[in-house]
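For reference, run.pdb (PDB, C-alpha atoms):
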```pdb
ATOM      1  CA  MET A   1     -17.346  38.336 -48.037
ATOM      2  CA  LYS A   2     -20.778  37.529 -49.454
ATOM      3  CA  ILE A   3     -22.214  34.122 -48.576
ATOM      4  CA  LEU A   4     -25.340  32.423 -49.903
ATOM      5  CA  PHE A   5     -26.740  30.165 -47.188
ATOM      6  CA  TYR A   6     -28.765  27.237 -48.573
ATOM      7  CA  ASP A   7     -31.485  25.129 -46.923
ATOM      8  CA  THR A   8     -32.025  27.545 -44.064
ATOM      9  CA  LYS A   9     -34.068  26.428 -41.088
ATOM     10  CA  SER A  10     -35.162  28.832 -38.361
ATOM     11  CA  TYR A  11     -32.580  27.448 -35.928
ATOM     12  CA  ASP A  12     -29.798  27.895 -38.514
ATOM     13  CA  LYS A  13     -30.710  31.527 -39.020
ATOM     14  CA  ASP A  14     -30.921  32.163 -35.278
ATOM     15  CA  SER A  15     -27.549  30.604 -34.428
ATOM     16  CA  PHE A  16     -25.686  32.221 -37.334
ATOM     17  CA  THR A  17     -27.304  35.620 -36.807
ATOM     18  CA  ARG A  18     -26.047  35.659 -33.211
ATOM     19  CA  GLU A  19     -22.485  34.979 -34.354
ATOM     20  CA  LEU A  20     -22.712  37.399 -37.295
ATOM     21  CA  ALA A  21     -23.295  40.264 -34.869
ATOM     22  CA  ASN A  22     -19.521  40.204 -34.318
ATOM     23  CA  GLU A  23     -18.709  39.923 -38.044
ATOM     24  CA  PRO A  24     -19.979  43.138 -39.700
ATOM     25  CA  ASP A  25     -18.008  42.588 -42.917
ATOM     26  CA  ILE A  26     -19.559  39.162 -43.595
ATOM     27  CA  GLU A  27     -22.832  39.379 -45.522
ATOM     28  CA  VAL A  28     -25.104  36.336 -45.489
ATOM     29  CA  LYS A  29     -28.295  35.797 -47.461
ATOM     30  CA  PHE A  30     -30.443  32.968 -46.122
ATOM     31  CA  LEU A  31     -32.352  30.793 -48.606
ATOM     32  CA  LYS A  32     -34.923  28.109 -47.873
ATOM     33  CA  ALA A  33     -34.002  26.235 -51.059
ATOM     34  CA  ASP A  34     -31.358  23.535 -50.805
ATOM     35  CA  LEU A  35     -28.223  23.497 -52.945
ATOM     36  CA  THR A  36     -28.683  21.408 -56.097
ATOM     37  CA  LYS A  37     -27.787  21.746 -59.757
ATOM     38  CA  ASN A  38     -31.090  23.586 -60.194
ATOM     39  CA  THR A  39     -30.445  26.193 -57.508
ATOM     40  CA  ALA A  40     -26.675  26.603 -57.839
ATOM     41  CA  GLU A  41     -27.063  29.467 -60.331
ATOM     42  CA  LEU A  42     -28.565  31.589 -57.537
ATOM     43  CA  SER A  43     -25.016  31.923 -56.214
ATOM     44  CA  HIS A  44     -24.031  34.376 -58.969
ATOM     45  CA  GLY A  45     -22.378  37.363 -57.315
ATOM     46  CA  TYR A  46     -21.507  35.517 -54.086
ATOM     47  CA  ASP A  47     -18.025  34.561 -52.898
ATOM     48  CA  ALA A  48     -19.144  31.463 -51.029
ATOM     49  CA  VAL A  49     -22.043  29.115 -50.451
ATOM     50  CA  CYS A  50     -22.945  27.398 -47.208
ATOM     51  CA  ALA A  51     -24.406  23.902 -47.487
ATOM     52  CA  PHE A  52     -25.310  20.909 -45.349
ATOM     53  CA  VAL A  53     -24.819  17.160 -45.417
ATOM     54  CA  ASN A  54     -27.958  16.515 -47.488
ATOM     55  CA  SER A  55     -27.154  19.094 -50.206
ATOM     56  CA  ASP A  56     -26.496  17.820 -53.732
ATOM     57  CA  ILE A  57     -22.999  19.033 -54.532
ATOM     58  CA  GLY A  58     -22.262  16.759 -57.458
ATOM     59  CA  LYS A  59     -20.296  17.484 -60.605
ATOM     60  CA  GLU A  60     -22.963  19.605 -62.311
ATOM     61  CA  THR A  61     -23.618  21.650 -59.183
ATOM     62  CA  VAL A  62     -19.924  22.364 -58.704
ATOM     63  CA  GLU A  63     -19.522  23.385 -62.349
ATOM     64  CA  ILE A  64     -22.344  25.910 -62.032
ATOM     65  CA  LEU A  65     -20.954  27.273 -58.764
ATOM     66  CA  HIS A  66     -17.608  27.770 -60.506
ATOM     67  CA  GLN A  67     -19.249  29.544 -63.436
ATOM     68  CA  CYS A  68     -21.030  31.831 -60.968
ATOM     69  CA  GLY A  69     -17.712  32.846 -59.400
ATOM     70  CA  VAL A  70     -17.988  30.931 -56.135
ATOM     71  CA  ARG A  71     -14.570  30.382 -54.584
ATOM     72  CA  LEU A  72     -15.511  28.675 -51.337
ATOM     73  CA  ILE A  73     -17.933  25.968 -50.219
ATOM     74  CA  LEU A  74     -18.670  26.056 -46.493
ATOM     75  CA  MET A  75     -20.012  22.774 -45.156
ATOM     76  CA  ARG A  76     -21.747  23.430 -41.840
ATOM     77  CA  CYS A  77     -21.310  19.760 -40.913
ATOM     78  CA  ALA A  78     -18.617  17.120 -40.600
ATOM     79  CA  GLY A  79     -19.634  14.932 -43.535
ATOM     80  CA  PHE A  80     -18.700  15.664 -47.141
ATOM     81  CA  ASN A  81     -19.512  12.433 -48.990
ATOM     82  CA  ASN A  82     -22.171  14.388 -50.916
ATOM     83  CA  VAL A  83     -19.473  16.541 -52.555
ATOM     84  CA  ASP A  84     -17.685  15.771 -55.840
ATOM     85  CA  LEU A  85     -14.212  16.474 -54.489
ATOM     86  CA  PRO A  86     -12.273  15.942 -57.754
ATOM     87  CA  MET A  87     -14.523  18.485 -59.484
ATOM     88  CA  VAL A  88     -14.137  20.946 -56.613
ATOM     89  CA  GLU A  89     -10.365  20.654 -56.890
ATOM     90  CA  LYS A  90     -10.465  20.973 -60.690
ATOM     91  CA  CYS A  91     -12.463  24.202 -60.388
ATOM     92  CA  GLY A  92     -10.083  25.629 -57.817
ATOM     93  CA  ILE A  93     -12.785  25.942 -55.176
ATOM     94  CA  ARG A  94     -11.799  25.470 -51.544
ATOM     95  CA  ILE A  95     -14.074  23.485 -49.271
ATOM     96  CA  LEU A  96     -14.037  23.911 -45.501
ATOM     97  CA  ARG A  97     -16.111  21.920 -43.023
ATOM     98  CA  VAL A  98     -16.905  21.649 -39.315
ATOM     99  CA  PRO A  99     -15.264  18.370 -38.277
ATOM    100  CA  GLY A 100     -16.118  18.588 -34.588
ATOM    101  CA  TYR A 101     -18.918  20.744 -33.227
ATOM    102  CA  SER A 102     -20.185  18.858 -30.179
ATOM    103  CA  PRO A 103     -19.096  15.233 -30.033
ATOM    104  CA  GLU A 104     -21.020  14.778 -26.812
ATOM    105  CA  ALA A 105     -24.281  15.825 -28.491
ATOM    106  CA  VAL A 106     -24.120  12.958 -30.983
ATOM    107  CA  ALA A 107     -22.783  10.429 -28.470
ATOM    108  CA  GLU A 108     -25.501  11.277 -25.943
ATOM    109  CA  HIS A 109     -28.129  10.837 -28.660
ATOM    110  CA  ALA A 110     -26.605   7.463 -29.556
ATOM    111  CA  MET A 111     -26.910   6.326 -25.956
ATOM    112  CA  GLY A 112     -30.448   7.711 -25.871
ATOM    113  CA  LEU A 113     -31.360   5.525 -28.845
ATOM    114  CA  ALA A 114     -29.715   2.515 -27.215
ATOM    115  CA  LEU A 115     -31.638   3.045 -23.971
ATOM    116  CA  THR A 116     -34.896   3.627 -25.855
ATOM    117  CA  VAL A 117     -34.810   0.380 -27.819
ATOM    118  CA  ASN A 118     -33.489  -1.554 -24.832
ATOM    119  CA  ARG A 119     -36.226  -0.460 -22.421
ATOM    120  CA  ARG A 120     -38.829  -0.017 -25.198
ATOM    121  CA  LEU A 121     -39.426   3.588 -24.146
ATOM    122  CA  HIS A 122     -41.023   4.436 -27.504
ATOM    123  CA  LYS A 123     -43.614   1.695 -26.948
ATOM    124  CA  SER A 124     -44.093   2.490 -23.271
ATOM    125  CA  TYR A 125     -44.865   6.122 -24.075
ATOM    126  CA  ILE A 126     -47.673   5.126 -26.437
ATOM    127  CA  LYS A 127     -49.065   2.454 -24.083
ATOM    128  CA  VAL A 128     -49.336   4.829 -21.132
ATOM    129  CA  ARG A 129     -50.972   7.526 -23.264
ATOM    130  CA  GLU A 130     -53.684   4.972 -24.005
ATOM    131  CA  ASN A 131     -54.039   4.131 -20.284
ATOM    132  CA  ASP A 132     -52.317   0.783 -20.765
ATOM    133  CA  PHE A 133     -50.042   0.399 -17.750
ATOM    134  CA  SER A 134     -49.129  -3.239 -18.308
ATOM    135  CA  LEU A 135     -45.488  -4.223 -18.658
ATOM    136  CA  GLY A 136     -45.863  -6.816 -21.357
ATOM    137  CA  SER A 137     -43.282  -6.543 -24.183
ATOM    138  CA  LEU A 138     -41.292  -3.854 -22.310
ATOM    139  CA  MET A 139     -38.565  -5.958 -20.650
ATOM    140  CA  GLY A 140     -34.999  -4.895 -21.349
ATOM    141  CA  PHE A 141     -31.618  -5.812 -19.879
ATOM    142  CA  ASN A 142     -29.010  -4.058 -17.766
ATOM    143  CA  PHE A 143     -26.214  -2.307 -19.606
ATOM    144  CA  TYR A 144     -24.138  -2.561 -16.425
ATOM    145  CA  GLU A 145     -21.403  -5.204 -16.837
ATOM    146  CA  LYS A 146     -22.390  -5.827 -20.467
ATOM    147  CA  THR A 147     -20.027  -5.227 -23.407
ATOM    148  CA  ALA A 148     -20.223  -2.206 -25.696
ATOM    149  CA  GLY A 149     -18.498  -2.234 -29.073
ATOM    150  CA  ILE A 150     -17.644   1.183 -30.495
ATOM    151  CA  VAL A 151     -16.739   1.239 -34.189
ATOM    152  CA  GLY A 152     -14.748   4.404 -34.842
ATOM    153  CA  THR A 153     -13.047   6.244 -31.989
ATOM    154  CA  GLY A 154     -12.668   9.794 -33.224
ATOM    155  CA  LYS A 155     -14.142  12.594 -31.107
ATOM    156  CA  ILE A 156     -17.716  11.282 -31.203
ATOM    157  CA  GLY A 157     -16.754   7.646 -30.785
ATOM    158  CA  ALA A 158     -14.468   8.570 -27.895
ATOM    159  CA  ALA A 159     -17.343  10.421 -26.221
ATOM    160  CA  MET A 160     -19.487   7.295 -26.619
ATOM    161  CA  VAL A 161     -16.717   5.173 -25.103
ATOM    162  CA  ARG A 162     -16.676   7.399 -22.027
ATOM    163  CA  ILE A 163     -20.476   7.246 -21.706
ATOM    164  CA  CYS A 164     -20.506   3.448 -21.922
ATOM    165  CA  HIS A 165     -17.655   3.231 -19.439
ATOM    166  CA  GLY A 166     -19.678   5.434 -17.098
ATOM    167  CA  PHE A 167     -22.544   2.956 -17.341
ATOM    168  CA  GLY A 168     -20.199   0.274 -16.009
ATOM    169  CA  MET A 169     -19.847  -1.478 -19.356
ATOM    170  CA  LYS A 170     -16.777  -3.213 -20.691
ATOM    171  CA  VAL A 171     -15.835  -1.296 -23.834
ATOM    172  CA  LEU A 172     -14.299  -2.809 -26.964
ATOM    173  CA  ALA A 173     -13.156  -0.474 -29.745
ATOM    174  CA  TYR A 174     -12.250  -0.819 -33.390
ATOM    175  CA  ASP A 175     -10.517   1.797 -35.524
ATOM    176  CA  VAL A 176      -7.678   2.064 -38.007
ATOM    177  CA  TYR A 177      -5.941   4.384 -35.531
ATOM    178  CA  GLU A 178      -6.054   3.975 -31.776
ATOM    179  CA  ASN A 179      -7.090   6.985 -29.693
ATOM    180  CA  PRO A 180      -4.552   7.361 -26.855
ATOM    181  CA  SER A 181      -7.053   9.251 -24.699
ATOM    182  CA  LEU A 182      -9.035   6.022 -24.295
ATOM    183  CA  ALA A 183      -6.222   4.041 -22.682
ATOM    184  CA  GLY A 184      -7.525   2.167 -19.674
ATOM    185  CA  ILE A 185     -11.230   2.489 -20.541
ATOM    186  CA  ALA A 186     -11.402   0.767 -23.940
ATOM    187  CA  GLU A 187      -9.709  -2.280 -25.401
ATOM    188  CA  TYR A 188      -8.901  -2.206 -29.114
ATOM    189  CA  VAL A 189      -9.754  -5.445 -30.877
ATOM    190  CA  SER A 190     -10.415  -6.674 -34.391
ATOM    191  CA  LEU A 191     -13.782  -5.882 -35.943
ATOM    192  CA  GLU A 192     -14.659  -9.581 -35.938
ATOM    193  CA  GLU A 193     -13.992  -9.871 -32.198
ATOM    194  CA  LEU A 194     -15.965  -6.711 -31.476
ATOM    195  CA  LEU A 195     -18.955  -7.989 -33.445
ATOM    196  CA  SER A 196     -18.939 -11.394 -31.767
ATOM    197  CA  LYS A 197     -18.604 -10.149 -28.167
ATOM    198  CA  SER A 198     -20.621  -6.918 -27.976
ATOM    199  CA  ASP A 199     -24.112  -6.591 -26.500
ATOM    200  CA  LEU A 200     -24.329  -3.023 -27.828
ATOM    201  CA  ILE A 201     -22.699  -1.937 -31.094
ATOM    202  CA  SER A 202     -22.554   1.773 -31.909
ATOM    203  CA  LEU A 203     -21.223   3.103 -35.229
ATOM    204  CA  HIS A 204     -19.150   6.298 -35.222
ATOM    205  CA  CYS A 205     -16.986   6.083 -38.337
ATOM    206  CA  PRO A 206     -16.946   8.132 -41.551
ATOM    207  CA  LEU A 207     -18.375   6.811 -44.803
ATOM    208  CA  THR A 208     -15.559   5.645 -47.084
ATOM    209  CA  ASP A 209     -15.088   2.925 -49.673
ATOM    210  CA  HIS A 210     -13.796   0.759 -46.822
ATOM    211  CA  THR A 211     -16.770   1.363 -44.491
ATOM    212  CA  TYR A 212     -19.570   1.378 -47.097
ATOM    213  CA  HIS A 213     -22.089  -1.297 -46.030
ATOM    214  CA  LEU A 214     -19.850  -2.220 -43.116
ATOM    215  CA  VAL A 215     -22.928  -3.788 -41.551
ATOM    216  CA  ASN A 216     -24.155  -6.406 -44.005
ATOM    217  CA  ARG A 217     -25.398  -9.973 -44.046
ATOM    218  CA  ASP A 218     -21.935 -11.396 -43.284
ATOM    219  CA  THR A 219     -21.074  -9.022 -40.431
ATOM    220  CA  ILE A 220     -24.565  -9.356 -38.944
ATOM    221  CA  ARG A 221     -24.090 -13.123 -38.778
ATOM    222  CA  LYS A 222     -20.962 -12.568 -36.680
ATOM    223  CA  MET A 223     -22.858 -10.519 -34.080
ATOM    224  CA  LYS A 224     -24.226 -11.972 -30.866
ATOM    225  CA  ASP A 225     -27.885 -12.938 -30.882
ATOM    226  CA  GLY A 226     -29.910 -10.257 -29.127
ATOM    227  CA  VAL A 227     -27.476  -7.427 -29.879
ATOM    228  CA  ILE A 228     -28.487  -3.756 -29.940
ATOM    229  CA  LEU A 229     -27.242  -1.825 -32.993
ATOM    230  CA  VAL A 230     -27.080   1.991 -33.083
ATOM    231  CA  ASN A 231     -26.079   4.179 -36.031
ATOM    232  CA  THR A 232     -25.736   7.943 -35.636
ATOM    233  CA  SER A 233     -22.982   8.308 -38.221
ATOM    234  CA  ARG A 234     -23.805   7.674 -41.908
ATOM    235  CA  GLY A 235     -26.746   5.759 -43.297
ATOM    236  CA  ALA A 236     -24.762   3.825 -45.893
ATOM    237  CA  LEU A 237     -22.621   2.181 -43.220
ATOM    238  CA  VAL A 238     -25.532  -0.243 -42.951
ATOM    239  CA  LYS A 239     -26.963  -2.212 -45.867
ATOM    240  CA  THR A 240     -30.664  -1.707 -45.205
ATOM    241  CA  GLU A 241     -31.945  -4.843 -46.921
ATOM    242  CA  ASP A 242     -29.575  -7.013 -44.885
ATOM    243  CA  LEU A 243     -30.504  -5.157 -41.684
ATOM    244  CA  ILE A 244     -34.209  -5.805 -42.312
ATOM    245  CA  GLU A 245     -33.411  -9.450 -42.991
ATOM    246  CA  GLY A 246     -31.569  -9.626 -39.660
ATOM    247  CA  ILE A 247     -34.419  -7.947 -37.775
ATOM    248  CA  ARG A 248     -36.913 -10.410 -39.230
ATOM    249  CA  ALA A 249     -34.622 -13.265 -38.190
ATOM    250  CA  HIS A 250     -34.728 -11.946 -34.587
ATOM    251  CA  LYS A 251     -30.987 -11.268 -34.585
ATOM    252  CA  PHE A 252     -31.368  -7.886 -32.896
ATOM    253  CA  PHE A 253     -32.831  -7.061 -29.517
ATOM    254  CA  GLY A 254     -33.171  -3.520 -30.788
ATOM    255  CA  VAL A 255     -32.014  -1.123 -33.505
ATOM    256  CA  GLY A 256     -31.655   2.637 -33.083
ATOM    257  CA  LEU A 257     -31.082   4.737 -36.202
ATOM    258  CA  ASP A 258     -30.554   8.467 -36.525
ATOM    259  CA  VAL A 259     -29.388   7.897 -40.101
ATOM    260  CA  TYR A 260     -30.309   5.344 -42.745
ATOM    261  CA  GLU A 261     -30.006   4.775 -46.463
ATOM    262  CA  GLU A 262     -32.380   6.759 -48.660
ATOM    263  CA  GLU A 263     -32.955   9.292 -45.875
ATOM    264  CA  THR A 264     -31.956  12.322 -47.985
ATOM    265  CA  PRO A 265     -35.457  13.367 -49.122
ATOM    266  CA  ASN A 266     -36.704  13.146 -45.526
ATOM    267  CA  VAL A 267     -33.958  14.947 -43.609
ATOM    268  CA  PHE A 268     -35.396  17.924 -41.691
ATOM    269  CA  GLU A 269     -38.580  17.951 -43.797
ATOM    270  CA  ASP A 270     -42.210  17.628 -42.719
ATOM    271  CA  ARG A 271     -43.625  14.960 -45.014
ATOM    272  CA  SER A 272     -46.526  13.929 -42.811
ATOM    273  CA  ASP A 273     -49.096  14.610 -45.539
ATOM    274  CA  GLU A 274     -47.226  12.695 -48.227
ATOM    275  CA  ILE A 275     -47.115   9.120 -49.440
ATOM    276  CA  LEU A 276     -43.409   8.338 -49.354
ATOM    277  CA  GLU A 277     -41.974   7.039 -52.600
ATOM    278  CA  HIS A 278     -39.592   4.655 -50.821
ATOM    279  CA  SER A 279     -40.749   1.961 -48.420
ATOM    280  CA  VAL A 280     -37.520   1.753 -46.401
ATOM    281  CA  THR A 281     -38.668   4.051 -43.597
ATOM    282  CA  ALA A 282     -42.074   2.412 -43.343
ATOM    283  CA  ARG A 283     -40.549  -1.061 -43.355
ATOM    284  CA  LEU A 284     -38.122  -0.188 -40.584
ATOM    285  CA  LEU A 285     -40.797   1.526 -38.502
ATOM    286  CA  SER A 286     -43.032  -1.531 -38.789
ATOM    287  CA  PHE A 287     -40.760  -3.386 -36.359
ATOM    288  CA  PRO A 288     -41.510  -2.875 -32.650
ATOM    289  CA  ASN A 289     -37.838  -3.005 -31.665
ATOM    290  CA  VAL A 290     -36.679  -0.266 -34.068
ATOM    291  CA  MET A 291     -36.421   3.427 -33.213
ATOM    292  CA  ILE A 292     -35.706   6.017 -35.926
ATOM    293  CA  THR A 293     -34.984   9.707 -35.397
ATOM    294  CA  SER A 294     -34.529  12.348 -38.063
ATOM    295  CA  HIS A 295     -30.781  13.001 -38.207
ATOM    296  CA  GLN A 296     -31.003  14.983 -34.973
ATOM    297  CA  GLY A 297     -27.922  13.721 -33.164
ATOM    298  CA  PHE A 298     -26.185  17.082 -33.615
ATOM    299  CA  PHE A 299     -29.240  19.115 -32.606
ATOM    300  CA  THR A 300     -28.351  20.874 -29.343
ATOM    301  CA  ARG A 301     -27.918  24.560 -28.545
ATOM    302  CA  GLU A 302     -24.230  24.025 -27.901
ATOM    303  CA  ALA A 303     -23.675  22.206 -31.184
ATOM    304  CA  LEU A 304     -25.496  24.807 -33.298
ATOM    305  CA  SER A 305     -23.484  27.593 -31.700
ATOM    306  CA  ALA A 306     -20.236  25.725 -32.354
ATOM    307  CA  ILE A 307     -21.211  25.030 -35.980
ATOM    308  CA  ALA A 308     -21.904  28.725 -36.615
ATOM    309  CA  ARG A 309     -18.709  29.871 -34.914
ATOM    310  CA  THR A 310     -16.470  27.354 -36.687
ATOM    311  CA  THR A 311     -18.054  28.112 -40.077
ATOM    312  CA  LEU A 312     -17.320  31.823 -39.669
ATOM    313  CA  ASP A 313     -13.787  31.029 -38.469
ATOM    314  CA  ASN A 314     -13.406  29.054 -41.701
ATOM    315  CA  VAL A 315     -14.407  32.174 -43.621
ATOM    316  CA  ARG A 316     -11.619  34.097 -41.885
ATOM    317  CA  ALA A 317      -9.098  31.364 -42.653
ATOM    318  CA  PHE A 318     -10.097  31.516 -46.320
ATOM    319  CA  GLU A 319      -9.856  35.323 -46.471
ATOM    320  CA  GLN A 320      -6.386  35.230 -44.915
ATOM    321  CA  ASN A 321      -5.353  32.275 -47.102
ATOM    322  CA  LYS A 322      -4.454  30.262 -44.026
ATOM    323  CA  GLU A 323      -4.022  26.518 -43.923
ATOM    324  CA  THR A 324      -6.586  24.829 -41.682
ATOM    325  CA  ALA A 325      -7.293  21.287 -40.580
ATOM    326  CA  ASN A 326     -10.924  21.944 -41.531
ATOM    327  CA  GLU A 327     -10.140  21.937 -45.239
ATOM    328  CA  VAL A 328     -11.275  18.986 -47.360
ATOM    329  CA  LYS A 329      -9.127  17.925 -50.280
ATOM    330  CA  ALA A 330      -9.548  15.268 -52.954
ATOM    331  CA  GLY A 331      -7.624  12.080 -52.349
TER     332      GLY A 331
END
```

In structure tokens, how does this file's structure come out?
Amino acid sequence: MKILFYDTKSYDKDSFTRELANEPDIEVKFLKADLTKNTAELSHGYDAVCAFVNSDIGKETVEILHQCGVRLILMRCAGFNNVDLPMVEKCGIRILRVPGYSPEAVAEHAMGLALTVNRRLHKSYIKVRENDFSLGSLMGFNFYEKTAGIVGTGKIGAAMVRICHGFGMKVLAYDVYENPSLAGIAEYVSLEELLSKSDLISLHCPLTDHTYHLVNRDTIRKMKDGVILVNTSRGALVKTEDLIEGIRAHKFFGVGLDVYEEETPNVFEDRSDEILEHSVTARLLSFPNVMITSHQGFFTREALSAIARTTLDNVRAFEQNKETANEVKAG
């Protein structure tokens, strides 16, 4: 099996190389270029390509991959909303993903964001570095005995539920399907009730037509004043313009974002010497109660190892023509 690995970072190469030591018949070529319609033709002669959540796998890209003989797209991530699934199916290409690599990694990062904006740790760090040891503007509130609202209770959301429960919070949950493992530590309620009662709201649901812009002007109005909002899931769950409007109206005590709309050009890139073409990031960062990180919720040693191992297991499933729960299908 020959695999062309797109958008390679040093940590990707390290984690996959360790796992490949046990897979001598799998040949991987690592590329720095990301997968787009302009780079897809590089896959000629390869059986599979390996891509990430920010790759452009639209209709044209898929068509070129098909023409180059690619039979498998390996997504080394859980998300696949960047893939034209109908076109993939039409071309007879299978697509396998990594639905769960380290739920705790993302959930712990979500709680880290919540704690940071609550206790203003990002501001405190800068103040102390400048020898300013005053406490002005740094007051937060106890999470203990407050209410956490978890939207989406799959593996990551469930991990966040357990973390919040460990903090002594009352936990409300909303999902289309209830997770039986959370019985006794989370109460399932309607989305409207969750929004109106939660002091901390953390988003852990996939991006679908139903969840697109789940957080918007109307749902923000239903939230408690002084709420903390955290999103480590998908940027488009939150309508950015409405979020900024809510921040300016002092609706939020704090906002922690590991993902946001229009983040794609920024993800994992050093753009410190550039003038960004979009103002969204700058506008969000202008607020003292907002903390943004660069899509790093998954970024732990354990998660990277699990991503590499599961991706290679997906290769084996494909070679043996086995059915797997990791396969993504249109519809």

Problem - Option closest in space to Asp7 (chain A), from A:Leu35, A:Ala48, A:Val62, A:Leu284 [counting only C-alpha atoms] - result: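 Looking at the shortest contact to Asp7 (chain A), the residue is A:Leu35.
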
Handout entry: Distance in Å - CA of Ala158 (chain A) versus CA of Tyr177 (chain A)
Key =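 These atoms are spaced 12.2 Å apart.
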
Problem - Which residue of A:Asp47, A:Asp242, A:Glu130, A:Asp258 approaches Leu72 (chain A) most closely, using only C-alpha atoms - result: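 For Leu72 (chain A), the nearest of the given residues is A:Asp47.
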
Handout entry: Residues selected by the PyMOL selection byres ((chain A and resi 98) around 6), written as a VMD selection string
Key = chain A and resid 76 to 78 97 99 to 100

Exercise for the section: Could you jot down the CA of Leu200 (chain A) to CA of Ala148 (chain A) separation for me, Å, one decimal place? Expected result: 4.7 Å

Exercise for the section: Measure the distance from CA of Met75 (chain A) to CA of Tyr11 (chain A) in Å and round it to one decimal. Expected result: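 Between CA of Met75 (chain A) and CA of Tyr11 (chain A) the gap is 16.3 Å.
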
Practice task
Could you pull out every residue with an atom within 7 Å of (-20.0, -14.8, -32.0), file coordinates, counting only C-alpha atoms, and send them as number ranges by chain?
Solution key: A: 196-197, 222-224

Exercise for the section: Evaluate the PyMOL selection byres ((chain A and resi 16) around 9) and record the selected residues as a ChimeraX atom specification, following the chain and residue labels used in the document. Expected result: /A:11-15,17-21,304-305,307-309,312

Handout entry: Among the residues A:Leu74, A:Ala110, A:Leu115, A:Val128, the one that comes closest to Ile156 (chain A) [using all atoms listed in the file]
Key =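 For Ile156 (chain A), the nearest of the candidates is A:Ala110.
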
Where does the PyMOL selection byres ((chain A and resi 195) around 10) land in this file, that is, which residues does it pick, as a CSV table (one decimal) with C-alpha atoms, keeping the file's coordinate frame?
```
chain,number,residue,atom,x,y,z
A,148,ALA,CA,-20.2,-2.2,-25.7
A,149,GLY,CA,-18.5,-2.2,-29.1
A,150,ILE,CA,-17.6,1.2,-30.5
A,151,VAL,CA,-16.7,1.2,-34.2
A,172,LEU,CA,-14.3,-2.8,-27.0
A,174,TYR,CA,-12.2,-0.8,-33.4
A,189,VAL,CA,-9.8,-5.4,-30.9
A,190,SER,CA,-10.4,-6.7,-34.4
A,191,LEU,CA,-13.8,-5.9,-35.9
A,192,GLU,CA,-14.7,-9.6,-35.9
A,193,GLU,CA,-14.0,-9.9,-32.2
A,194,LEU,CA,-16.0,-6.7,-31.5
A,196,SER,CA,-18.9,-11.4,-31.8
A,197,LYS,CA,-18.6,-10.1,-28.2
A,198,SER,CA,-20.6,-6.9,-28.0
A,199,ASP,CA,-24.1,-6.6,-26.5
A,200,LEU,CA,-24.3,-3.0,-27.8
A,201,ILE,CA,-22.7,-1.9,-31.1
A,215,VAL,CA,-22.9,-3.8,-41.6
A,219,THR,CA,-21.1,-9.0,-40.4
A,220,ILE,CA,-24.6,-9.4,-38.9
A,221,ARG,CA,-24.1,-13.1,-38.8
A,222,LYS,CA,-21.0,-12.6,-36.7
A,223,MET,CA,-22.9,-10.5,-34.1
A,224,LYS,CA,-24.2,-12.0,-30.9
A,227,VAL,CA,-27.5,-7.4,-29.9
```

Problem - Counting all atoms listed in the file, the option among A:Val49, A:Ile57, A:Ala159, A:Ile73 closest to Ala107 (chain A) - result: A:Ala159

Problem - Non-local contacts of Val315 (chain A) (9 Å; only C-alpha atoms; under 2 positions in same chain excluded) as a list in words - result: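 Result of the neighbour search: Met1, Ile26, Ala48, Leu72, Leu74, Leu96, Thr310, Thr311, Leu312, Asp313, Ala317, Phe318, Glu319 and Gln320 of chain A.
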
Problem - Close residues, Val328 (chain A) itself excluded, 9 Å, only C-alpha atoms, min 2 positions apart in chain, as a ChimeraX atom specification - result: /A:80,85,94-97,325-326,330

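Counting all atoms listed in the file and comparing A:Ser181, A:Thr208, A:Asn321, A:Ser102, the residue that lies closest to Ala303 (chain A) is A:Ser102.
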
Practice task
Show which residues sit within 12 Å of Gly45 (chain A), as a PyMOL selection string. Count only C-alpha atoms, and ignore same-chain residues fewer than 3 positions away.
Solution key: chain A and resi 1-4+27+29+40-42+48-49+65-71

Handout entry: Near-Leu243 (chain A) list (8 Å; only C-alpha atoms; drop same-chain fewer than 3 positions) as a list in words
Key =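 Those residues are Val215, Asn216, Arg217, Ile220, Val238, Lys239, Thr240, Gly246 and Ile247 of chain A.
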
Please write the residues from the selection above to a file, keeping C-alpha atoms, as a PDB file, in the frame of the given file.
```
ATOM      1  CA  VAL A 215     -22.928  -3.788 -41.551  1.00  0.00           C
ATOM      2  CA  ASN A 216     -24.155  -6.406 -44.005  1.00  0.00           C
ATOM      3  CA  ARG A 217     -25.398  -9.973 -44.046  1.00  0.00           C
ATOM      4  CA  ILE A 220     -24.565  -9.356 -38.944  1.00  0.00           C
ATOM      5  CA  VAL A 238     -25.532  -0.243 -42.951  1.00  0.00           C
ATOM      6  CA  LYS A 239     -26.963  -2.212 -45.867  1.00  0.00           C
ATOM      7  CA  THR A 240     -30.664  -1.707 -45.205  1.00  0.00           C
ATOM      8  CA  GLY A 246     -31.569  -9.626 -39.660  1.00  0.00           C
ATOM      9  CA  ILE A 247     -34.419  -7.947 -37.775  1.00  0.00           C
TER      10      ILE A 247
END
```

Problem - Pick from A:Ile126, A:Cys91, A:Ile228, A:Leu113, whichever lies nearest to Val259 (chain A) using only C-alpha atoms - result: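 Among the listed residues, A:Leu113 lies closest to Val259 (chain A).
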
Practice task
Identify, on the basis of all atoms listed in the file, every residue whose closest approach to Phe287 (chain A) does not exceed 12 Å; exclude the query and any residue fewer than 5 positions from it along the same chain; express the result as a PyMOL selection string.
Solution key: chain A and resi 117+120+122-123+243-250+252-256+280-282+292
